[in-house]
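A.B. asks: My structure is stored as coords.cif, with mmCIF, C-alpha atoms and all ligand atoms.
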```cif
data_protein
#
loop_
_atom_site.label_atom_id
_atom_site.label_comp_id
_atom_site.auth_asym_id
_atom_site.auth_seq_id
_atom_site.Cartn_x
_atom_site.Cartn_y
_atom_site.Cartn_z
CA MET M 1242 29.69 -89.10 -54.60
CA LYS M 1243 28.84 -86.27 -57.01
CA ILE M 1244 29.78 -82.96 -55.34
CA ALA M 1245 29.03 -79.34 -56.28
CA LEU M 1246 31.55 -76.94 -54.77
CA ILE M 1247 30.14 -73.52 -53.91
CA GLY M 1248 33.12 -71.26 -53.32
CA TYR M 1249 36.40 -72.13 -55.00
CA GLY M 1250 38.87 -70.30 -52.79
CA LYS M 1251 41.36 -71.69 -50.29
CA MET M 1252 38.86 -74.11 -48.75
CA GLY M 1253 37.07 -75.02 -52.01
CA LYS M 1254 40.41 -76.04 -53.52
CA ALA M 1255 41.49 -78.00 -50.41
CA ILE M 1256 38.13 -79.87 -50.44
CA GLU M 1257 38.49 -80.62 -54.15
CA SER M 1258 41.88 -82.19 -53.52
CA VAL M 1259 40.72 -84.33 -50.57
CA ALA M 1260 37.46 -85.38 -52.32
CA MET M 1261 39.23 -86.40 -55.54
CA THR M 1262 41.86 -88.38 -53.61
CA GLN M 1263 38.96 -90.33 -52.06
CA GLY M 1264 37.45 -91.03 -55.51
CA HIS M 1265 34.58 -88.51 -55.38
CA GLU M 1266 33.60 -86.45 -58.40
CA ILE M 1267 33.48 -82.65 -58.46
CA ILE M 1268 30.76 -82.03 -61.05
CA LEU M 1269 30.45 -78.25 -60.59
CA ARG M 1270 32.49 -75.38 -59.17
CA ILE M 1271 30.64 -72.10 -58.49
CA ASP M 1272 32.68 -69.08 -57.48
CA ALA M 1273 31.96 -65.33 -57.25
CA ASN M 1274 32.86 -64.91 -60.96
CA ASN M 1275 30.46 -67.61 -62.33
CA PRO M 1276 27.09 -67.31 -60.54
CA GLU M 1277 25.46 -68.69 -63.72
CA GLY M 1278 26.68 -72.10 -62.45
CA TRP M 1279 23.51 -72.25 -60.31
CA GLN M 1280 21.52 -72.74 -63.55
CA ALA M 1281 23.80 -75.54 -64.84
CA PRO M 1282 22.17 -79.02 -65.09
CA GLU M 1283 25.00 -80.40 -62.89
CA MET M 1284 23.63 -78.41 -59.95
CA LYS M 1285 20.50 -80.59 -59.85
CA GLN M 1286 22.57 -83.75 -60.37
CA ALA M 1287 24.77 -83.05 -57.33
CA GLU M 1288 24.27 -85.50 -54.47
CA VAL M 1289 25.64 -82.91 -52.08
CA ALA M 1290 26.91 -79.31 -52.21
CA ILE M 1291 29.83 -78.07 -50.10
CA GLU M 1292 29.77 -74.32 -49.42
CA PHE M 1293 32.74 -72.24 -48.23
CA THR M 1294 32.22 -68.66 -49.44
CA ALA M 1295 31.61 -65.49 -47.43
CA PRO M 1296 29.26 -64.50 -44.56
CA GLU M 1297 27.06 -62.26 -46.74
CA SER M 1298 26.35 -64.99 -49.33
CA ALA M 1299 26.15 -68.23 -47.28
CA PRO M 1300 22.50 -67.90 -46.06
CA HIS M 1301 21.36 -67.23 -49.64
CA HIS M 1302 23.27 -70.32 -50.90
CA LEU M 1303 21.75 -72.50 -48.19
CA VAL M 1304 18.20 -71.49 -49.15
CA LYS M 1305 18.96 -72.01 -52.88
CA CYS M 1306 20.06 -75.58 -52.13
CA PHE M 1307 16.91 -76.22 -50.04
CA GLU M 1308 14.85 -75.06 -53.04
CA LEU M 1309 16.82 -77.33 -55.39
CA GLY M 1310 16.61 -80.31 -53.04
CA VAL M 1311 20.40 -80.61 -52.79
CA PRO M 1312 21.80 -81.37 -49.29
CA ILE M 1313 24.38 -78.74 -48.34
CA VAL M 1314 27.41 -78.82 -46.06
CA CYS M 1315 28.21 -75.26 -45.01
CA GLY M 1316 31.52 -74.17 -43.51
CA THR M 1317 31.24 -70.43 -44.03
CA THR M 1318 31.39 -68.61 -40.70
CA GLY M 1319 30.09 -65.20 -39.61
CA TRP M 1320 26.41 -65.52 -40.70
CA LEU M 1321 24.82 -66.98 -37.56
CA ASN M 1322 22.74 -63.84 -36.93
CA GLN M 1323 20.55 -65.37 -39.70
CA TRP M 1324 20.53 -68.90 -38.22
CA GLU M 1325 16.85 -68.91 -37.15
CA ASP M 1326 15.70 -67.72 -40.55
CA VAL M 1327 17.78 -70.36 -42.38
CA VAL M 1328 16.51 -73.12 -40.06
CA SER M 1329 12.87 -72.15 -40.65
CA ARG M 1330 13.41 -72.03 -44.45
CA CYS M 1331 15.06 -75.46 -44.29
CA THR M 1332 12.14 -76.91 -42.35
CA ALA M 1333 9.53 -75.28 -44.61
CA LEU M 1334 11.25 -76.50 -47.79
CA GLY M 1335 12.12 -79.99 -46.47
CA GLY M 1336 15.80 -79.22 -46.98
CA SER M 1337 18.97 -80.65 -45.56
CA PHE M 1338 22.05 -78.97 -44.16
CA LEU M 1339 25.02 -79.48 -41.91
CA TYR M 1340 26.86 -76.47 -40.50
CA ALA M 1341 30.04 -76.57 -38.43
CA SER M 1342 32.08 -73.61 -37.29
CA ASN M 1343 35.02 -75.99 -37.64
CA PHE M 1344 35.09 -79.30 -39.54
CA SER M 1345 38.37 -80.63 -38.19
CA VAL M 1346 38.00 -83.82 -36.15
CA GLY M 1347 40.66 -82.52 -33.73
CA VAL M 1348 38.73 -79.32 -33.06
CA ASN M 1349 35.51 -81.23 -32.49
CA LEU M 1350 37.29 -83.34 -29.86
CA PHE M 1351 38.77 -80.09 -28.46
CA PHE M 1352 35.15 -78.79 -28.18
CA GLU M 1353 34.23 -81.81 -26.02
CA LEU M 1354 37.26 -81.27 -23.76
CA ASN M 1355 36.47 -77.55 -23.54
CA LYS M 1356 33.02 -78.34 -22.10
CA GLN M 1357 34.53 -80.77 -19.56
CA LEU M 1358 37.28 -78.34 -18.52
CA ALA M 1359 34.73 -75.50 -18.18
CA ARG M 1360 32.63 -77.64 -15.82
CA LEU M 1361 35.71 -78.54 -13.72
CA MET M 1362 36.90 -74.93 -13.54
CA ALA M 1363 33.49 -73.33 -12.88
CA PRO M 1364 33.71 -73.47 -9.02
CA HIS M 1365 37.23 -71.98 -9.05
CA ASP M 1366 36.55 -68.29 -9.55
CA GLU M 1367 40.13 -67.29 -8.67
CA TYR M 1368 40.98 -68.13 -12.30
CA LYS M 1369 40.48 -65.43 -14.92
CA ILE M 1370 39.37 -66.97 -18.22
CA LEU M 1371 40.63 -65.69 -21.56
CA LEU M 1372 39.99 -66.97 -25.06
CA GLU M 1373 42.40 -66.12 -27.89
CA GLU M 1374 42.13 -66.90 -31.61
CA ILE M 1375 44.72 -66.26 -34.31
CA HIS M 1376 44.00 -66.47 -38.05
CA HIS M 1377 45.44 -65.30 -41.38
CA THR M 1378 44.95 -61.68 -42.40
CA GLU M 1379 42.37 -62.48 -45.15
CA LYS M 1380 39.81 -63.73 -42.63
CA LYS M 1381 36.69 -61.55 -42.83
CA ASP M 1382 34.94 -62.29 -39.52
CA ALA M 1383 36.14 -61.79 -35.94
CA PRO M 1384 35.94 -63.52 -33.59
CA SER M 1385 36.20 -66.78 -35.53
CA GLY M 1386 33.17 -69.10 -35.64
CA THR M 1387 35.24 -71.64 -33.71
CA ALA M 1388 35.99 -69.09 -30.97
CA ILE M 1389 32.26 -68.30 -30.72
CA THR M 1390 31.46 -72.03 -30.32
CA LEU M 1391 34.15 -72.32 -27.61
CA ALA M 1392 32.82 -69.20 -25.85
CA GLU M 1393 29.20 -70.42 -25.96
CA GLN M 1394 30.26 -73.78 -24.50
CA LEU M 1395 32.15 -72.00 -21.71
CA ILE M 1396 29.19 -69.77 -20.89
CA ALA M 1397 26.79 -72.76 -20.87
CA ASN M 1398 29.05 -74.54 -18.36
CA ASN M 1399 30.03 -71.63 -16.08
CA SER M 1400 27.19 -69.60 -14.56
CA ALA M 1401 29.59 -66.74 -13.67
CA LYS M 1402 29.86 -65.86 -17.39
CA LYS M 1403 26.85 -64.26 -19.07
CA ASN M 1404 28.15 -63.23 -22.49
CA TRP M 1405 31.33 -62.88 -24.55
CA VAL M 1406 32.94 -59.69 -25.85
CA ASN M 1407 35.57 -59.36 -28.59
CA GLN M 1408 37.78 -56.95 -26.61
CA PRO M 1409 39.58 -56.73 -23.26
CA THR M 1410 37.14 -56.46 -20.35
CA THR M 1411 37.23 -56.01 -16.57
CA GLN M 1412 33.58 -57.14 -16.12
CA SER M 1413 33.69 -60.50 -14.32
CA ASP M 1414 30.52 -61.76 -16.04
CA GLU M 1415 31.97 -61.13 -19.51
CA LEU M 1416 34.18 -63.66 -21.32
CA GLU M 1417 37.02 -61.94 -23.15
CA ILE M 1418 37.85 -63.11 -26.70
CA ILE M 1419 41.01 -61.63 -28.21
CA SER M 1420 41.30 -61.94 -32.03
CA LYS M 1421 44.70 -61.60 -33.69
CA ARG M 1422 45.36 -61.59 -37.42
CA ILE M 1423 48.79 -62.84 -38.53
CA ASP M 1424 49.77 -63.67 -42.13
CA LYS M 1425 49.21 -67.32 -43.24
CA VAL M 1426 48.04 -68.76 -39.87
CA PRO M 1427 45.34 -71.44 -40.67
CA GLY M 1428 43.89 -71.24 -37.13
CA ILE M 1429 44.98 -71.26 -33.48
CA HIS M 1430 42.50 -71.32 -30.56
CA LYS M 1431 43.70 -70.99 -27.00
CA ILE M 1432 41.78 -71.01 -23.71
CA LEU M 1433 43.68 -69.66 -20.71
CA TYR M 1434 42.75 -70.02 -17.05
CA GLN M 1435 45.06 -67.71 -15.09
CA SER M 1436 45.43 -67.22 -11.34
CA ASP M 1437 48.19 -65.70 -9.19
CA ILE M 1438 49.32 -69.24 -8.38
CA ASP M 1439 49.32 -70.94 -11.76
CA SER M 1440 47.95 -71.00 -15.31
CA ILE M 1441 46.28 -73.67 -17.41
CA GLU M 1442 46.59 -73.29 -21.19
CA PHE M 1443 44.52 -75.36 -23.60
CA THR M 1444 45.40 -74.90 -27.28
CA HIS M 1445 44.41 -76.29 -30.68
CA THR M 1446 46.69 -75.45 -33.60
CA ALA M 1447 45.71 -76.27 -37.19
CA HIS M 1448 48.88 -76.88 -39.23
CA ASN M 1449 47.08 -76.61 -42.59
CA ARG M 1450 43.57 -76.75 -44.14
CA ILE M 1451 43.54 -80.54 -44.77
CA GLY M 1452 41.76 -81.25 -41.46
CA PHE M 1453 38.89 -78.84 -42.31
CA ALA M 1454 38.61 -80.28 -45.84
CA THR M 1455 38.69 -83.93 -44.68
CA GLY M 1456 35.96 -83.20 -42.11
CA ALA M 1457 33.82 -81.41 -44.72
CA VAL M 1458 34.02 -84.42 -47.08
CA MET M 1459 33.22 -86.75 -44.15
CA ALA M 1460 30.19 -84.54 -43.38
CA ALA M 1461 29.10 -84.65 -47.05
CA LYS M 1462 29.18 -88.48 -47.02
CA PHE M 1463 27.08 -88.42 -43.83
CA LEU M 1464 24.55 -85.91 -45.22
CA LYS M 1465 24.01 -87.55 -48.63
CA GLY M 1466 20.44 -88.86 -48.87
CA LYS M 1467 19.32 -87.32 -45.55
CA THR M 1468 16.90 -84.49 -44.78
CA GLY M 1469 17.05 -82.27 -41.69
CA ILE M 1470 19.67 -80.28 -39.81
CA TYR M 1471 22.87 -81.86 -38.52
CA THR M 1472 26.18 -81.01 -36.87
CA MET M 1473 29.67 -82.53 -36.75
CA GLN M 1474 28.66 -84.07 -33.42
CA ASP M 1475 26.18 -86.20 -35.38
CA VAL M 1476 28.91 -87.16 -37.88
CA LEU M 1477 31.35 -88.13 -35.12
CA GLY M 1478 28.75 -89.80 -32.87
CA LEU M 1479 29.31 -87.30 -30.02
CA SER M 1480 26.42 -86.21 -27.79
CA ARG M 1481 24.91 -82.79 -28.67
N1 LIG M 1501 34.11 -74.40 -40.86
C1 LIG M 1501 35.40 -74.61 -41.09
O1 LIG M 1501 35.98 -75.65 -40.75
C2 LIG M 1501 36.18 -73.54 -41.81
C3 LIG M 1501 37.55 -73.70 -42.08
C4 LIG M 1501 38.20 -72.72 -42.83
C5 LIG M 1501 37.50 -71.61 -43.28
N2 LIG M 1501 36.17 -71.48 -42.97
C6 LIG M 1501 35.35 -70.38 -43.47
O2 LIG M 1501 35.05 -70.66 -44.82
C7 LIG M 1501 34.86 -69.43 -45.54
C8 LIG M 1501 35.76 -69.43 -46.79
O3 LIG M 1501 37.11 -69.54 -46.39
P1 LIG M 1501 38.28 -69.56 -47.48
O4 LIG M 1501 39.52 -69.58 -46.66
O5 LIG M 1501 38.06 -70.61 -48.51
O6 LIG M 1501 38.09 -68.11 -48.13
P2 LIG M 1501 38.57 -67.63 -49.59
O7 LIG M 1501 38.42 -66.14 -49.56
O8 LIG M 1501 39.88 -68.22 -49.92
O9 LIG M 1501 37.49 -68.25 -50.58
C9 LIG M 1501 36.15 -67.87 -50.62
C10 LIG M 1501 35.68 -68.08 -52.05
O10 LIG M 1501 34.28 -67.83 -52.10
C11 LIG M 1501 33.99 -67.15 -53.29
N3 LIG M 1501 32.74 -66.42 -53.16
C12 LIG M 1501 32.51 -65.27 -52.46
N4 LIG M 1501 31.22 -64.89 -52.63
C13 LIG M 1501 30.65 -65.83 -53.43
C14 LIG M 1501 29.36 -65.99 -53.99
N5 LIG M 1501 28.36 -65.12 -53.74
N6 LIG M 1501 29.13 -67.07 -54.79
C15 LIG M 1501 30.09 -67.98 -55.03
N7 LIG M 1501 31.35 -67.86 -54.56
C16 LIG M 1501 31.62 -66.80 -53.77
C17 LIG M 1501 35.19 -66.23 -53.52
O11 LIG M 1501 35.30 -65.88 -54.89
C18 LIG M 1501 36.34 -67.11 -53.05
O12 LIG M 1501 36.91 -67.87 -54.11
C19 LIG M 1501 35.14 -68.32 -44.52
O13 LIG M 1501 33.92 -67.91 -43.96
C20 LIG M 1501 36.00 -69.02 -43.47
O14 LIG M 1501 35.90 -68.41 -42.20
C21 LIG M 1501 35.52 -72.42 -42.25
#
```
Represent the structure from my file as structure tokens, please.
C.D. replies:
Amino acid sequence: MKIALIGYGKMGKAIESVAMTQGHEIILRIDANNPEGWQAPEMKQAEVAIEFTAPESAPHHLVKCFELGVPIVCGTTGWLNQWEDVVSRCTALGGSFLYASNFSVGVNLFFELNKQLARLMAPHDEYKILLEEIHHTEKKDAPSGTAITLAEQLIANNSAKKNWVNQPTTQSDELEIISKRIDKVPGIHKILYQSDIDSIEFTHTAHNRIGFATGAVMAAKFLKGKTGIYTMQDVLGLSR
């Protein structure tokens, strides 16, 4: 597979390593210091683009790929306030994209278990629910995209929760997300159900970036040659 990497930071480099190990070809690397790469002939030859940059640039990169007819896997988080606009541009331009707040297979299984646990716990309002995420200090967005997905799943499966807030709260209809930034942590997500009697803790810990990169390459193989909008649930054959 011929891949264009958009964003050549920590994730771009991890994806390059995984993709090359699997025999794929990185035909272009575009980073903040070489935007002229978008005009390179290799950009049109790419069978798929993989984008891990920054929240302010990701929507623009998605639309550029729709215009060029290059399917794009996007892992950048923190831009979902522009989701509707990007979806309508994709549809209008006949484009193709796959976004995941987290590409790791383990986290996507964790998402499924989170929905099930939320349904089981919903009738038991003696438990206070708390969501915690810990990431490295360079992370630009808070809460993490993964924490937002977890929170939205919880809210969809527990009618007592109406919205999430990224701070401590005493409002029973608000779901509290606490974000911590600690040097070098690739990503920890924890859901806590706490009562006076006992506590249930449900945690996913990423040990490195290889899981995200492997999932992104898996998603690229899935997306190649397709049009439309997809998720990791489609890649893994899980119900949406
Ligand atoms: N979905 C997932 O599984 C997942 C996993 C890890 C990180 N992320 C997200 O991916 C994004 C990148 O993470 P990272 O750890 O690689 O960050 P990073 O800061 O190490 O790398 C980002 C790279 O993007 C480049 N960049 C910034 N603006 C650009 C632009 N306009 N054009 C081209 N390149 C540009 C920067 O120069 C940098 O090299 C973040 O939003 C992060 O939250 C998602």
A.B. asks: Given the point (31.9, -84.9, -27.6) in the file's coordinates, find the residues that have an atom at most 10 Å from it, counting only C-alpha atoms, and give them as a VMD selection string.
C.D. replies: chain M and resid 1349 to 1357 1473 to 1475 1477 to 1481
A.B. asks: Of the candidates M:Ile1247, M:Ala1461, M:Ala1359, M:Leu1371, which shows the shortest atom-to-atom distance to ligand LIG 1501 (chain M), using only C-alpha atoms and all ligand atoms?
C.D. replies: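 Nearest candidate to ligand LIG 1501 (chain M) out of M:Ile1247, M:Ala1461, M:Ala1359, M:Leu1371: M:Ile1247.
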A.B. asks: Would you mind listing the residues within 8 Å of ligand LIG 1501 (chain M), counting all atoms listed in the file, as a PyMOL selection string?
C.D. replies: chain M and resi 1247-1254+1271-1276+1292-1299+1302+1315-1319+1340-1345+1379-1382+1385-1387+1427+1450+1453-1454+1456-1457
A.B. asks: Could you jot down the atom CA of M:Leu1391 to atom CA of M:Ala1260 separation for me, Å, one decimal place?
C.D. replies: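 These two atoms are separated by 28.1 Å.
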A.B. asks: Might you pull out every residue within 12 Å of M:His1376, with only C-alpha atoms counted and same-chain residues fewer than 5 positions away left off, and present them as a ChimeraX atom specification?
C.D. replies: /M:1381-1388,1419-1431,1446-1450
A.B. asks: Rounded to one decimal place, report the atom CA of M:Lys1369-atom CA of M:Ile1389 distance in Å.
C.D. replies: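 Here the two named atoms are 18.0 Å from each other.
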A.B. asks: One decimal, in Å: what's the spacing between atom CA of M:Glu1374 and atom CA of M:Ile1432?
C.D. replies: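 Pair atom CA of M:Glu1374 / atom CA of M:Ile1432 returns 8.9 Å.
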A.B. asks: Using all atoms listed in the file, which residue out of M:Leu1358, M:Val1304, M:Ile1375, M:Ile1418 lies closest to M:Asn1399?
C.D. replies: M:Leu1358
A.B. asks: Using all atoms listed in the file for the distances, tell me which of M:Ala1401, M:Ile1370, M:Val1348, M:Leu1464 is nearest to M:Ile1244.
C.D. replies: M:Leu1464
A.B. asks: Rank nothing, just name the residue among M:Ala1290, M:Gly1278, M:Val1327, M:Leu1321 nearest to M:Ala1460, using only C-alpha atoms.
C.D. replies: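 The answer is M:Ala1290, which sits nearest to M:Ala1460.
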A.B. asks: Looking at M:Gly1336, M:Ala1392, M:Ala1245, M:Tyr1434, which one is nearest to M:Ala1281, with distances taken over all atoms listed in the file?
C.D. replies: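 Under the stated criterion, the closest residue is M:Ala1245.
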A.B. asks: M:Thr1472, M:Thr1455, M:Ser1400, M:Gln1280: which is nearest M:Glu1415, counting only C-alpha atoms?
C.D. replies: M:Ser1400
